[in-house]
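Report on one structure; see the data block that follows.
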There are 2 protein chains.
Amino acid sequence: MKFPLRGTLLEIEEGAQLQPKFDERGLIPCVTQDASTLEVLMVGVMNAEALGLTLATREAHYWSRSRQELWRKGEQSGLVQHVEHVLIDDDQDCVLLRVRIEGGASCHVGYRSCFFREVARLGPGPDFALNFLEKEKVFDPSKVYQTGQDGTPLVKSRTPSS
Amino acid sequence: MKFPLRGTLLEIEEGAQLQPKFDERGLIPCVTQDASTLEVLMVGVMNAEALGLTLATREAHYWSRSRQELWRKGEQSGLVQHVEHVLIDDDQDCVLLRVRIEGGASCHVGYRSCFFREVARLGPGPDFALNFLEKEKVFDPSKVYQTGQDGTPLVKSRTPSS
């Protein structure tokens with residue numbers, strides 16, 4: 001899909017025309033939230049084709065940087081994201097999706113959200129640890145994805161942010 | 001601040017040690033949500049210093065790409081972000097802040113969120129327009145920031161994503 005050329009700063013920031021900015025690699029970052037809870041599920045990137053397909057089909061498409069290919073979310077896992085809202089930020093260099101997820105999860109590790117850990121301070125010093133916010137996985141990745149000998153998902157099933 | 005070296009994929013994705021990945025420019029993207037409503041307010045980037053200061057001071061710090069300098073959010077505008085939670089994603093290459101905002105807004109254009117517009121389809125074809133989700137600005141940028149002759153904020157007051 002072809003998007004309009006970028007106009008003046010005022011048009012971009014305060015106008016009503018979609019003028020997305022793709023970076024030097026042809027990519028725009030995309031934050032994806034659960035449409036009901038507003039929990040942030042993942043952050044990926046899109047190229048123009050992925051954004052166009054997302055807008056046209058209302059199913060989230062990303063660009064997989066690890067596989068260097070268009071990626072329809074849920075293609076392999078079944079964890080499809082049905083798009084309810086597409087927002088864009090002030091300078092139109094970041095997309096925000098609000099989605100309804102199939103399968104109750106979005107993260108390839110097996111959790112609902114990719115952001116399943118919080119940074120916690122250990123005492124007064126500069127030491128930090130990660131606390132798990134989700135206590136149990138929603139699914140077992142080894143049953144959903146092809147896995148390597150060590151049990152970790154193959155590159156084929158990695159998220160685009162990896 | 002120095003962060004631990006990155007370990008194995010399993011340590012990064014399922015471990016309890018903070019091992020953030022900074023890209024070739026030394027930056028990590030950061031999504032910032034309102035801690036109460038979970039509305040996404042902005043997406044910026046951090047370098048190691050900004051992430052360290054955010055963790056140490058509990059006030060959001062970013063790296064301003066337009067100004068190429070450390071940026072304590074609210075330094076000029078007073079729209080300080082008090083950090084309640086810091087989350088990290090599965091492969092630890094994206095940070096998520098949940099913040100309480102001072103001044104009721106986060107976007108330099110004057111809106112609460114930088115994502116104040118939704119992409120709306122115009123008919124069955126591939127044409128789209130932007131609908132404003134926020135009807136009124138929270139503040140007048142010209143009164144908060146130094147502005148240029150055309151009324152747009154000077155580079156000094158731009159968001160880091162611009």
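Numbering starts fresh at 1 for the residues of each chain in the structure tokens, the chains themselves are lettered A, B, ... in the order given, and ligands are numbered from 1 as they appear.
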
Which residues are near A:Gly52? Cut-off 8 Å, only C-alpha atoms, ignore same chain within fewer than 4 positions. Put them as an MDAnalysis selection string.
chainID A and resid 1 48 56

Taking only residues of chain A that have an atom at most 7 Å from an atom of chain B, what is each one's shortest atom pair and its distance in Å to one decimal, using only C-alpha atoms, in chain and number order, as a Markdown table?
```
| residue | atom | partner | partner_atom | distance |
| --- | --- | --- | --- | --- |
| A:Ala16 | CA | B:Leu130 | CA | 4.5 |
| A:Gln17 | CA | B:Ala129 | CA | 5.1 |
| A:Leu18 | CA | B:Ala129 | CA | 5.9 |
| A:Leu38 | CA | B:Leu38 | CA | 5.7 |
| A:Glu39 | CA | B:Leu38 | CA | 6.7 |
| A:Val86 | CA | B:Val119 | CA | 5.5 |
| A:Leu87 | CA | B:Glu118 | CA | 4.2 |
| A:Ile88 | CA | B:Phe115 | CA | 5.4 |
| A:Asp89 | CA | B:Phe115 | CA | 4.2 |
| A:Asp90 | CA | B:Cys114 | CA | 5.2 |
| A:Asp91 | CA | B:Ser162 | CA | 6.2 |
| A:Cys114 | CA | B:Asp89 | CA | 4.9 |
| A:Phe115 | CA | B:Asp89 | CA | 4.2 |
| A:Phe116 | CA | B:Asp89 | CA | 6.8 |
| A:Arg117 | CA | B:Leu87 | CA | 5.7 |
| A:Glu118 | CA | B:Leu87 | CA | 4.2 |
| A:Val119 | CA | B:Val86 | CA | 5.5 |
| A:Phe128 | CA | B:Leu18 | CA | 6.7 |
| A:Ala129 | CA | B:Gln17 | CA | 5.1 |
| A:Leu130 | CA | B:Ala16 | CA | 4.5 |
| A:Asn131 | CA | B:Ala16 | CA | 6.6 |
| A:Ser162 | CA | B:Asp91 | CA | 6.2 |
```

May I have the residues from that selection written out with N, CA and C atoms, as a short mmCIF file (atom, residue, chain, number, x, y, z; two decimals), in the first residue's frame?
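Contents of result04.cif, as written:
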```cif
data_model
loop_
_atom_site.label_atom_id
_atom_site.label_comp_id
_atom_site.auth_asym_id
_atom_site.auth_seq_id
_atom_site.Cartn_x
_atom_site.Cartn_y
_atom_site.Cartn_z
N ALA A 16 -5.45 15.72 9.57
CA ALA A 16 -6.36 14.56 9.55
C ALA A 16 -5.97 13.56 8.47
N GLN A 17 -4.76 13.72 7.87
CA GLN A 17 -4.32 12.75 6.87
C GLN A 17 -3.27 11.82 7.45
N LEU A 18 -3.45 10.54 7.16
CA LEU A 18 -2.46 9.54 7.60
C LEU A 18 -1.20 9.69 6.76
N LEU A 38 -6.32 -2.82 28.01
CA LEU A 38 -5.27 -1.85 27.66
C LEU A 38 -3.87 -2.28 28.11
N GLU A 39 -3.76 -3.53 28.54
CA GLU A 39 -2.43 -4.08 28.82
C GLU A 39 -1.60 -4.04 27.53
N VAL A 86 -6.76 1.41 15.38
CA VAL A 86 -5.40 1.74 14.95
C VAL A 86 -5.18 3.22 15.25
N LEU A 87 -4.22 3.54 16.10
CA LEU A 87 -3.93 4.93 16.44
C LEU A 87 -2.53 5.27 15.92
N ILE A 88 -2.29 6.57 15.77
CA ILE A 88 -0.95 7.00 15.36
C ILE A 88 -0.55 8.18 16.23
N ASP A 89 0.75 8.32 16.46
CA ASP A 89 1.18 9.36 17.41
C ASP A 89 1.37 10.71 16.72
N ASP A 90 1.73 11.71 17.51
CA ASP A 90 1.78 13.09 17.04
C ASP A 90 2.59 13.25 15.75
N ASP A 91 3.83 12.78 15.75
CA ASP A 91 4.65 12.96 14.55
C ASP A 91 4.54 11.77 13.57
N CYS A 114 4.13 -9.92 26.45
CA CYS A 114 5.60 -10.00 26.43
C CYS A 114 6.20 -9.30 27.65
N PHE A 115 5.45 -8.39 28.25
CA PHE A 115 5.95 -7.65 29.41
C PHE A 115 5.47 -8.35 30.68
N PHE A 116 6.02 -9.54 30.92
CA PHE A 116 5.56 -10.35 32.06
C PHE A 116 6.48 -10.22 33.26
N ARG A 117 7.49 -9.34 33.17
CA ARG A 117 8.42 -9.13 34.28
C ARG A 117 8.58 -7.65 34.61
N GLU A 118 8.64 -7.39 35.91
CA GLU A 118 8.84 -6.02 36.38
C GLU A 118 10.24 -5.90 36.99
N VAL A 119 10.86 -4.75 36.75
CA VAL A 119 12.18 -4.48 37.34
C VAL A 119 11.97 -4.05 38.79
N PHE A 128 19.23 -4.56 40.63
CA PHE A 128 17.84 -4.80 40.28
C PHE A 128 17.63 -6.27 39.93
N ALA A 129 16.42 -6.75 40.17
CA ALA A 129 16.05 -8.09 39.73
C ALA A 129 14.71 -8.00 39.02
N LEU A 130 14.32 -9.07 38.37
CA LEU A 130 13.04 -9.10 37.67
C LEU A 130 12.05 -9.97 38.43
N ASN A 131 10.90 -9.40 38.73
CA ASN A 131 9.80 -10.15 39.34
C ASN A 131 8.81 -10.56 38.26
N SER A 162 12.73 -9.74 18.30
CA SER A 162 13.90 -10.49 18.75
C SER A 162 15.01 -10.45 17.72
#
```

Write down as a ChimeraX atom specification the residues belonging to stretch 17-111 of chain B that are assigned alpha helix (DSSP H) by DSSP computed on the backbone.
/B:48-57

d(atom CA of B:Lys21, atom CA of A:Gly123) in Å:
23.6 Å
